[in-house]
Each structure stands twice: as C-alpha cells, then as structure tokens.
file query10.cif (mmCIF, C-alpha atoms)
data_input
#
loop_
_atom_site.group_PDB
_atom_site.id
_atom_site.type_symbol
_atom_site.label_atom_id
_atom_site.label_comp_id
_atom_site.auth_asym_id
_atom_site.auth_seq_id
_atom_site.Cartn_x
_atom_site.Cartn_y
_atom_site.Cartn_z
ATOM 1 C CA MET D 155 -10.874 -7.790 -43.392
ATOM 2 C CA LYS D 156 -7.326 -7.539 -42.060
ATOM 3 C CA ASN D 157 -5.772 -7.667 -45.564
ATOM 4 C CA LYS D 158 -8.386 -5.205 -46.778
ATOM 5 C CA SER D 159 -7.287 -2.740 -44.090
ATOM 6 C CA HIS D 160 -3.677 -3.040 -45.248
ATOM 7 C CA ILE D 161 -4.690 -2.397 -48.847
ATOM 8 C CA ILE D 162 -6.712 0.674 -47.818
ATOM 9 C CA GLY D 163 -3.678 2.069 -45.952
ATOM 10 C CA TYR D 164 -1.385 1.514 -48.937
ATOM 11 C CA LEU D 165 -3.891 3.010 -51.384
ATOM 12 C CA LEU D 166 -4.380 6.080 -49.197
ATOM 13 C CA GLY D 167 -0.620 6.565 -49.018
ATOM 14 C CA LEU D 168 -0.337 6.220 -52.792
ATOM 15 C CA LEU D 169 -3.210 8.613 -53.452
ATOM 16 C CA ILE D 170 -2.022 11.256 -51.004
ATOM 17 C CA PHE D 171 1.782 11.190 -51.212
ATOM 18 C CA VAL D 172 2.634 9.805 -54.639
ATOM 19 C CA ILE D 173 -0.230 11.249 -56.688
ATOM 20 C CA GLY D 174 -2.145 13.938 -54.770
ATOM 21 C CA ILE D 175 0.579 16.166 -53.354
ATOM 22 C CA PRO D 176 2.697 16.095 -56.545
ATOM 23 C CA ALA D 177 -0.452 16.894 -58.584
ATOM 24 C CA LEU D 178 -1.119 19.873 -56.317
ATOM 25 C CA MET D 179 2.521 20.949 -56.678
ATOM 26 C CA TRP D 180 2.146 20.716 -60.452
ATOM 27 C CA LEU D 181 -1.053 22.783 -60.427
ATOM 28 C CA VAL D 182 0.451 25.628 -58.390
ATOM 29 C CA SER D 183 3.677 25.576 -60.413
ATOM 30 C CA GLY D 184 2.170 27.488 -63.297
ATOM 31 C CA ARG D 185 3.268 24.679 -65.612
ATOM 32 C CA VAL D 186 -0.158 23.112 -65.855
ATOM 33 C CA TRP D 187 -0.050 22.605 -69.623
ATOM 34 C CA SER D 188 3.660 21.904 -69.899
ATOM 35 C CA TYR D 189 4.941 19.052 -67.806
ATOM 36 C CA ILE D 190 8.255 18.748 -69.640
ATOM 37 C CA PRO D 191 11.125 20.528 -67.834
ATOM 38 C CA ASP D 192 13.040 23.346 -69.494
ATOM 39 C CA SER D 193 16.252 21.349 -69.389
ATOM 40 C CA ILE D 194 17.160 17.693 -69.857
ATOM 41 C CA GLY D 195 19.454 18.052 -66.822
ATOM 42 C CA LEU D 196 16.524 19.048 -64.597
ATOM 43 C CA CYS D 197 14.556 16.152 -66.010
ATOM 44 C CA ILE D 198 17.289 13.621 -65.195
ATOM 45 C CA VAL D 199 17.989 14.990 -61.699
ATOM 46 C CA GLY D 200 14.272 15.206 -60.886
ATOM 47 C CA VAL D 201 13.588 11.658 -62.038
ATOM 48 C CA LEU D 202 16.605 10.282 -60.134
ATOM 49 C CA PHE D 203 15.504 11.943 -56.889
ATOM 50 C CA ALA D 204 11.916 10.783 -57.392
ATOM 51 C CA ILE D 205 12.951 7.177 -58.071
ATOM 52 C CA CYS D 206 15.359 7.078 -55.110
ATOM 53 C CA GLY D 207 12.737 8.579 -52.792
ATOM 54 C CA LEU D 208 10.044 6.139 -53.873
ATOM 55 C CA ALA D 209 12.478 3.224 -53.568
ATOM 56 C CA LEU D 210 13.328 4.193 -49.970
ATOM 57 C CA SER D 211 9.656 4.601 -49.067
ATOM 58 C CA ILE D 212 8.651 1.300 -50.660
ATOM 59 C CA TYR D 213 11.550 -0.546 -49.015
ATOM 60 C CA SER D 214 10.536 0.923 -45.638
ATOM 61 C CA ILE D 215 6.884 -0.063 -46.128
ATOM 62 C CA VAL D 216 7.782 -3.616 -47.175
ATOM 63 C CA TYR D 217 10.186 -3.937 -44.252
ATOM 64 C CA MET D 218 7.491 -2.730 -41.841
ATOM 65 C CA ARG D 219 4.928 -5.108 -43.329
ATOM 66 C CA VAL D 220 7.215 -8.146 -43.232
ATOM 67 C CA VAL D 221 9.035 -7.558 -39.942
ATOM 68 C CA GLY D 222 6.491 -5.481 -38.031
ATOM 69 C CA LYS D 223 3.435 -7.309 -39.372
ATOM 70 C CA GLY D 224 1.674 -3.999 -39.796
ATOM 71 C CA ASN D 225 1.118 -0.888 -41.797
ATOM 72 C CA PRO D 226 2.590 2.573 -41.352
ATOM 73 C CA PHE D 227 -0.537 4.593 -42.085
ATOM 74 C CA ASP D 228 -1.813 5.997 -38.811
ATOM 75 C CA ALA D 229 -3.607 9.327 -39.152
ATOM 76 C CA TYR D 230 -3.253 11.553 -36.094
ATOM 77 C CA GLY D 231 -3.940 8.754 -33.646
ATOM 78 C CA HIS D 232 -6.606 7.027 -35.759
ATOM 79 C CA GLU D 233 -5.711 3.562 -36.955
ATOM 80 C CA VAL D 234 -6.282 3.471 -40.723
ATOM 81 C CA ALA D 235 -4.737 0.008 -41.070
ATOM 82 C CA PRO D 236 -3.418 -2.554 -38.570
ATOM 83 C CA ARG D 237 -0.467 -1.139 -36.619
ATOM 84 C CA THR D 238 2.858 -2.890 -36.326
ATOM 85 C CA ARG D 239 3.278 -5.399 -33.540
ATOM 86 C CA HIS D 240 7.014 -4.809 -33.194
ATOM 87 C CA LEU D 241 9.069 -1.649 -32.887
ATOM 88 C CA MET D 242 10.981 -1.163 -36.122
ATOM 89 C CA THR D 243 14.678 -0.656 -35.306
ATOM 90 C CA GLY D 244 16.424 -2.576 -38.090
ATOM 91 C CA GLY D 245 16.658 -2.208 -41.841
ATOM 92 C CA PRO D 246 16.046 1.393 -42.898
ATOM 93 C CA TYR D 247 14.809 2.188 -39.361
ATOM 94 C CA ARG D 248 18.333 1.817 -37.968
ATOM 95 C CA LEU D 249 19.302 4.999 -39.874
ATOM 96 C CA CYS D 250 16.290 7.172 -39.019
ATOM 97 C CA ARG D 251 12.962 6.712 -37.272
ATOM 98 C CA ASN D 252 10.909 7.753 -40.308
ATOM 99 C CA PRO D 253 12.546 6.441 -43.491
ATOM 100 C CA MET D 254 9.201 6.389 -45.339
ATOM 101 C CA LEU D 255 8.831 10.129 -44.840
ATOM 102 C CA VAL D 256 12.447 10.767 -45.754
ATOM 103 C CA GLY D 257 11.732 8.854 -48.963
ATOM 104 C CA ILE D 258 8.649 10.985 -49.618
ATOM 105 C CA TYR D 259 10.658 14.167 -49.007
ATOM 106 C CA ILE D 260 13.334 12.992 -51.466
ATOM 107 C CA TYR D 261 10.552 12.185 -53.954
ATOM 108 C CA ASP D 262 9.142 15.699 -53.420
ATOM 109 C CA ILE D 263 12.581 17.195 -54.095
ATOM 110 C CA GLY D 264 12.573 15.322 -57.394
ATOM 111 C CA ILE D 265 9.171 16.784 -58.266
ATOM 112 C CA LEU D 266 10.393 20.273 -57.256
ATOM 113 C CA VAL D 267 13.445 19.953 -59.492
ATOM 114 C CA TRP D 268 11.278 18.653 -62.336
ATOM 115 C CA LEU D 269 8.822 21.557 -62.037
ATOM 116 C CA TRP D 270 11.517 24.165 -61.333
ATOM 117 C CA SER D 271 9.054 26.617 -59.841
ATOM 118 C CA VAL D 272 8.859 28.456 -56.510
ATOM 119 C CA TRP D 273 5.184 27.942 -55.643
ATOM 120 C CA PRO D 274 5.310 24.155 -55.125
ATOM 121 C CA ILE D 275 7.822 24.749 -52.322
ATOM 122 C CA LEU D 276 4.906 26.104 -50.250
ATOM 123 C CA ILE D 277 3.051 22.815 -50.717
ATOM 124 C CA VAL D 278 6.106 20.882 -49.507
ATOM 125 C CA ILE D 279 6.524 23.190 -46.489
ATOM 126 C CA ILE D 280 2.876 22.646 -45.520
ATOM 127 C CA GLU D 281 3.313 18.897 -46.022
ATOM 128 C CA ILE D 282 6.407 18.851 -43.792
ATOM 129 C CA ILE D 283 4.605 20.804 -41.048
ATOM 130 C CA LEU D 284 1.564 18.496 -41.121
ATOM 131 C CA LEU D 285 3.674 15.343 -41.234
ATOM 132 C CA THR D 286 5.877 16.559 -38.375
ATOM 133 C CA LEU D 287 2.733 17.038 -36.275
ATOM 134 C CA GLN D 288 1.653 13.527 -37.317
ATOM 135 C CA VAL D 289 5.048 12.097 -36.378
ATOM 136 C CA ARG D 290 4.921 13.717 -32.939
ATOM 137 C CA SER D 291 1.478 12.203 -32.372
ATOM 138 C CA GLU D 292 2.731 8.838 -33.575
ATOM 139 C CA GLU D 293 5.773 9.017 -31.295
ATOM 140 C CA LYS D 294 3.507 9.490 -28.271
ATOM 141 C CA ARG D 295 1.614 6.364 -29.294
ATOM 142 C CA LEU D 296 4.849 4.430 -29.866
ATOM 143 C CA GLU D 297 6.114 5.436 -26.424
ATOM 144 C CA LYS D 298 2.839 4.238 -24.921
ATOM 145 C CA ASP D 299 2.893 0.977 -26.934
ATOM 146 C CA PHE D 300 6.602 0.110 -26.587
ATOM 147 C CA GLY D 301 7.695 2.049 -23.465
ATOM 148 C CA GLN D 302 11.394 2.041 -22.607
ATOM 149 C CA GLU D 303 12.294 0.218 -25.834
ATOM 150 C CA PHE D 304 11.054 3.204 -27.871
ATOM 151 C CA ILE D 305 12.634 5.747 -25.492
ATOM 152 C CA ASP D 306 16.022 4.027 -25.899
ATOM 153 C CA TYR D 307 15.563 3.855 -29.676
ATOM 154 C CA LYS D 308 14.686 7.559 -29.765
ATOM 155 C CA LYS D 309 17.924 8.379 -27.953
ATOM 156 C CA LYS D 310 20.018 6.436 -30.491
ATOM 157 C CA VAL D 311 18.270 7.216 -33.790
ATOM 158 C CA ARG D 312 17.252 10.642 -35.093
ATOM 159 C CA ARG D 313 13.761 11.406 -36.349
ATOM 160 C CA TYR D 314 14.701 12.064 -39.988
ATOM 161 C CA ILE D 315 18.425 12.180 -40.720
#

call {"tool": "encode", "arguments": {"input": "query10.cif", "output": "structure tokens"}}
result
Amino acid sequence: MKNKSHIIGYLLGLLIFVIGIPALMWLVSGRVWSYIPDSIGLCIVGVLFAICGLALSIYSIVYMRVVGKGNPFDAYGHEVAPRTRHLMTGGPYRLCRNPMLVGIYIYDIGILVWLWSVWPILIVIIEIILLTLQVRSEEKRLEKDFGQEFIDYKKKVRRYI
C-alpha cells in the first residue's frame, strides 16, 4: 500500500500541474484550435522553459524520494502520500525550500510564452496564490515535525529564490 500511495501522489501531481493547469491555460488563451505559436522563437523559448522547469521539478521529486524516503504531495495538511522522514536541505533544497514549485512556475512560464496570451496569466496568478497558501500550511507542519532544524533552515534558505 505504501508504494501505491507514492504512485497516487505522483499521478495527482502530474494530472494537476503538468496536464490540468496548462490545459486550463490553453483553454482560456483563446487559442483552443491553434496550439502552434505565432513565431518559431516563441516556440523555442516556451519549450526550453517548459523542459527546464519539468527537469527541476522531477529532480527535486526524485531527490526527495531517495533522500527523504517520502513524497512531496501534501494537500493543505492532508497526507496524500507518505511524508518525508528527513528534512530536505541538500541537493536542490540547498538553493530554495520549494524547488519543485519553482520548477512548476518555470514550466508555467514556458506555457505562457508558448500561448502568448494574457488570459492564462490569471490562471498562473491563482495557482501561485493557492500554492503559497499550501506552502505556508506545509511550513507549519515542517516546523512541528522538525522543530529547530527547520527554523534554522528557514533562516538560511529562501522560500522560492
């Protein structure tokens, strides 16, 4: 059941952040029938951002799974998959406390460039607000779980950048 919980967490993340939100951005963009950008330059820049963002997110997830023995997907205090057993402070987590989200935001920038439309920006703003609320909830749990170790980490490493 433990491995099944991990798979559910990863699938939910894939469905929400890699497929669902970009699909919603595409729908509100007004480019529903045309998914090819107006310019090859926008296409290249968008794809590069998307690939780099996904790579950072995947690296962060793998690092958390291997080192932390857990899964990042924790929805507003409800454990969706087994939580990490160790505070993540190395690898991508030495640069920011939420490298998975930074990767998703970079991915979203790639989608925004690809779509080249104003309306999807609203979707990203809503996503950032909701995920910031989630992060604050998660930080309270991390402080409770890891105490002074997390407080010290918070002082040294910024939330996003």

call {"tool": "resolve_selection", "arguments": {"input": "query10.cif", "expression": "the PyMOL selection byres ((chain D and resi 182) around 12)", "output": "PyMOL selection string"}}
result
chain D and resi 175-181+183-187+266+269-278

call {"tool": "resolve_selection", "arguments": {"input": "query10.cif", "expression": "the PyMOL selection byres ((chain D and resi 308) around 12)", "output": "JSON list (two decimals) with C-alpha atoms, in the coordinates of the input"}}
result
[["chain", "number", "residue", "atom", "x", "y", "z"],
["D", 241, "LEU", "CA", 9.07, -1.65, -32.89],
["D", 242, "MET", "CA", 10.98, -1.16, -36.12],
["D", 243, "THR", "CA", 14.68, -0.66, -35.31],
["D", 247, "TYR", "CA", 14.81, 2.19, -39.36],
["D", 248, "ARG", "CA", 18.33, 1.82, -37.97],
["D", 249, "LEU", "CA", 19.30, 5.00, -39.87],
["D", 250, "CYS", "CA", 16.29, 7.17, -39.02],
["D", 251, "ARG", "CA", 12.96, 6.71, -37.27],
["D", 252, "ASN", "CA", 10.91, 7.75, -40.31],
["D", 290, "ARG", "CA", 4.92, 13.72, -32.94],
["D", 293, "GLU", "CA", 5.77, 9.02, -31.30],
["D", 294, "LYS", "CA", 3.51, 9.49, -28.27],
["D", 296, "LEU", "CA", 4.85, 4.43, -29.87],
["D", 297, "GLU", "CA", 6.11, 5.44, -26.42],
["D", 300, "PHE", "CA", 6.60, 0.11, -26.59],
["D", 301, "GLY", "CA", 7.70, 2.05, -23.46],
["D", 302, "GLN", "CA", 11.39, 2.04, -22.61],
["D", 303, "GLU", "CA", 12.29, 0.22, -25.83],
["D", 304, "PHE", "CA", 11.05, 3.20, -27.87],
["D", 305, "ILE", "CA", 12.63, 5.75, -25.49],
["D", 306, "ASP", "CA", 16.02, 4.03, -25.90],
["D", 307, "TYR", "CA", 15.56, 3.86, -29.68],
["D", 309, "LYS", "CA", 17.92, 8.38, -27.95],
["D", 310, "LYS", "CA", 20.02, 6.44, -30.49],
["D", 311, "VAL", "CA", 18.27, 7.22, -33.79],
["D", 312, "ARG", "CA", 17.25, 10.64, -35.09],
["D", 313, "ARG", "CA", 13.76, 11.41, -36.35],
["D", 314, "TYR", "CA", 14.70, 12.06, -39.99]]

call {"tool": "atom_distance", "arguments": {"input": "query10.cif", "atom1": "atom CA of D:Gly224", "atom2": "atom CA of D:Arg239"}}
result
6.6 Å

call {"tool": "atom_distance", "arguments": {"input": "query10.cif", "atom1": "atom CA of D:Gln288", "atom2": "atom CA of D:Pro246"}}
result
19.6 Å

call {"tool": "atom_distance", "arguments": {"input": "query10.cif", "atom1": "atom CA of D:Met254", "atom2": "atom CA of D:Val289"}}
result
11.4 Å

call {"tool": "closest_residue", "arguments": {"input": "query10.cif", "among": "D:Leu168, D:Ile258, D:Glu281, D:Arg237", "to": "D:Ala204", "atoms": "all atoms listed in the file"}}
result
D:Ile258

call {"tool": "axis_aligned_box", "arguments": {"input": "query10.cif", "around": "stretch 217-220 of chain D", "padding_each_side": "8 Å", "output": "lines of an AutoDock Vina configuration file"}}
result
center_x = 7.6
center_y = -5.4
center_z = -43.0
size_x = 21.3
size_y = 21.4
size_z = 18.4

call {"tool": "closest_residue", "arguments": {"input": "query10.cif", "among": "D:Gly245, D:Arg295, D:Leu255, D:Leu284", "to": "D:Val220", "atoms": "only C-alpha atoms"}}
result
D:Gly245
